[in-house]
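Scroll down for the structure; my scribbles are underneath it.
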Amino acid sequence: MTSTGHIDNLKAWIDPQVILAIHGYNDKKQPGPAIRELVSGAANEAMNLAKPRAIYQEFPIAQLKDDCLILENGLLLSIGKVISSLWKGSMLLGVSLYTIGGTLEERVSALLAKGENTEALNLDIAGTVALGAIGYQVQNIACRRAAKQGIEIGPWLNPGYLDWPVTDQRLIFSLIPAQTIGVLLNDHCMMIPKKSVTVCAGIGISSASGDFNRCLHCGVEKCEYRRVTVNQKFDPHRLHDQLNPPGS
């Protein structure tokens, strides 16, 4: 097994425009000043409350079958046929777990208890956006590692996606020291804190997957986050500039 272990110096960057887009605002439908101020306030508060932590590790693959993946340690992941095809040729399985901690979640609960539902909603969305920024940074580290070896990484996916049973989260958690960054898995395979994510990727795929968009394969059509992912092109250069301002 090769590993980077714990990843430090992560930044919970949040673009208020992403939150507005999730609410349905765009070039044709612009929010008023009050809404912009509310969303900006939520973004700033979320960035202050987020406590980013992450783990990234790689595990040798013994065999990649039509519908499952077997690691060298004997662990079998029932990833399904679609994911297996997307990871065809992989030599390693990259596994990452990242979180923004539970402080923001506690603040959202406190706001709901006081009946401040709009503030709670925007803060919760801001937390999700922050989590996405953390994921981008972790995956960027993995991609740079692979690029140095001249190999490609497949799409980042997780248990619960398509045919991959969510119960395989237990197997993922058996591979990595999740408790060292304060993340636990309950009996229903849900992570605590909620703003936590595991994702995996096949490393060394035989053919590049191009601009893979997981939302195009997802059956959850009425998802506020799906509109943003499908209809807006993500600009990694913009995020990189925000995460690495001049003089930083």
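Each chain in the structure tokens gets a letter, A, B and so on, in the order shown; residues start at 1 in every chain, and ligands are counted from 1 in the order they appear.
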
From a backbone DSSP assignment, name each residue in region 66-115 of chain A labelled strand (DSSP E), as a PyMOL selection string. chain A and resi 69-71+76-77+92-99

Any chance you can output those residues with C-alpha atoms as a compact mmCIF listing (two decimals), in the first residue's frame?
# COMPACT_ATOMS: atom_id res chain seq x y z
CA LEU A 69 -13.05 -5.13 -7.51
CA ILE A 70 -10.77 -7.27 -5.35
CA LEU A 71 -7.86 -5.70 -3.49
CA LEU A 76 -14.07 -7.30 -2.36
CA LEU A 77 -16.00 -4.18 -3.37
CA LEU A 92 -4.55 0.86 -7.64
CA LEU A 93 -7.66 2.02 -5.82
CA GLY A 94 -7.44 5.56 -4.49
CA VAL A 95 -9.58 6.08 -1.38
CA SER A 96 -10.25 9.46 0.16
CA LEU A 97 -12.29 10.64 3.11
CA TYR A 98 -12.79 14.31 3.81
CA THR A 99 -14.93 16.36 6.17

Hey, what's within 10 Å of Glu45 (chain A) if we count only C-alpha atoms and toss same-chain stuff fewer than 2 positions away? As a CSV table (one decimal) with N, CA and C atoms, in the first residue's frame, please?
chain,number,residue,atom,x,y,z
A,39,VAL,N,-26.6,35.5,1.3
A,39,VAL,CA,-25.8,34.4,0.9
A,39,VAL,C,-24.3,34.6,1.1
A,40,SER,N,-23.9,35.9,1.0
A,40,SER,CA,-22.5,36.2,1.3
A,40,SER,C,-22.2,36.0,2.8
A,41,GLY,N,-23.1,36.3,3.6
A,41,GLY,CA,-23.0,36.1,5.0
A,41,GLY,C,-22.9,34.6,5.4
A,42,ALA,N,-23.7,33.8,4.7
A,42,ALA,CA,-23.7,32.4,4.9
A,42,ALA,C,-22.3,31.8,4.5
A,43,ALA,N,-21.8,32.3,3.4
A,43,ALA,CA,-20.6,31.8,2.9
A,43,ALA,C,-19.4,32.1,3.8
A,47,MET,N,-17.2,29.4,6.0
A,47,MET,CA,-15.7,29.3,5.9
A,47,MET,C,-15.1,29.4,7.3
A,48,ASN,N,-15.7,30.2,8.2
A,48,ASN,CA,-15.2,30.3,9.6
A,48,ASN,C,-15.5,29.0,10.4
A,49,LEU,N,-16.6,28.4,10.2
A,49,LEU,CA,-17.0,27.2,11.0
A,49,LEU,C,-16.4,25.9,10.5
A,50,ALA,N,-16.1,25.9,9.2
A,50,ALA,CA,-15.5,24.6,8.6
A,50,ALA,C,-14.2,24.3,9.2
A,104,LEU,N,-20.3,23.3,11.9
A,104,LEU,CA,-21.3,24.0,11.1
A,104,LEU,C,-22.7,23.3,11.2
A,107,ARG,N,-24.4,24.5,14.2
A,107,ARG,CA,-24.9,25.8,14.0
A,107,ARG,C,-26.2,25.8,13.2
A,123,LEU,N,-26.8,28.4,5.2
A,123,LEU,CA,-25.5,27.9,5.8
A,123,LEU,C,-25.3,26.4,5.5
A,126,ALA,N,-24.0,26.3,2.0
A,126,ALA,CA,-22.6,26.8,2.0
A,126,ALA,C,-21.6,25.7,2.5
A,127,GLY,N,-22.1,24.9,3.5
A,127,GLY,CA,-21.2,23.8,4.0
A,127,GLY,C,-21.0,22.8,3.0

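Ranking A:Ile205, A:Cys143, A:Ile79, A:Leu131 by their shortest atom-to-atom distance to Asp168 (chain A), with only C-alpha atoms included, puts A:Ile79 first.
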
task = Mind the document's chain letters and residue numbers, and return as a VMD selection string the residues of region 52-153 of chain A that DSSP labels alpha helix (DSSP H).
result = chain A and resid 81 to 86 103 to 113 117 to 148

Fewer than 3 positions away in the same chain doesn't count, so skip those; otherwise give me all residues within 12 Å of Asp163 (chain A), counting only C-alpha atoms, as a PDB file with C-alpha atoms, in the first residue's frame.
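Here's the written file part_20.pdb:
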ATOM      1  CA  ASP A  67     -18.968  -6.118 -11.520  1.00  0.00           C
ATOM      2  CA  CYS A  68     -16.541  -6.092  -8.599  1.00  0.00           C
ATOM      3  CA  LEU A  77     -15.997  -4.180  -3.373  1.00  0.00           C
ATOM      4  CA  SER A  78     -19.242  -4.750  -5.315  1.00  0.00           C
ATOM      5  CA  ILE A  79     -18.833  -1.701  -7.544  1.00  0.00           C
ATOM      6  CA  GLY A  80     -21.140  -2.883 -10.353  1.00  0.00           C
ATOM      7  CA  LYS A  81     -20.653  -3.170 -14.110  1.00  0.00           C
ATOM      8  CA  VAL A  82     -20.711   0.525 -15.037  1.00  0.00           C
ATOM      9  CA  ILE A  83     -18.076   1.575 -12.504  1.00  0.00           C
ATOM     10  CA  SER A  84     -15.988  -1.475 -13.336  1.00  0.00           C
ATOM     11  CA  LEU A 157     -17.259   7.546  -7.125  1.00  0.00           C
ATOM     12  CA  ASN A 158     -18.562   6.091  -3.878  1.00  0.00           C
ATOM     13  CA  PRO A 159     -20.848   3.431  -2.372  1.00  0.00           C
ATOM     14  CA  GLY A 160     -24.471   4.315  -3.070  1.00  0.00           C
ATOM     15  CA  VAL A 166     -24.056   1.800   0.243  1.00  0.00           C
ATOM     16  CA  THR A 167     -23.250  -1.006   2.701  1.00  0.00           C
ATOM     17  CA  ASP A 168     -19.780  -1.133   1.148  1.00  0.00           C
ATOM     18  CA  HIS A 217     -25.756   8.786 -14.690  1.00  0.00           C
ATOM     19  CA  CYS A 218     -27.712   9.608 -11.529  1.00  0.00           C
ATOM     20  CA  GLY A 219     -31.434   8.909 -11.276  1.00  0.00           C
TER      21      GLY A 219
END

Here CA of Ala120 (chain A) and CA of Val108 (chain A) stand apart by 4.9 Å

Nearest to Met190 (chain A), restricted to only C-alpha atoms and choosing among A:Ser174, A:Gly101, A:Gln169, A:Tyr25, comes out as A:Gln169
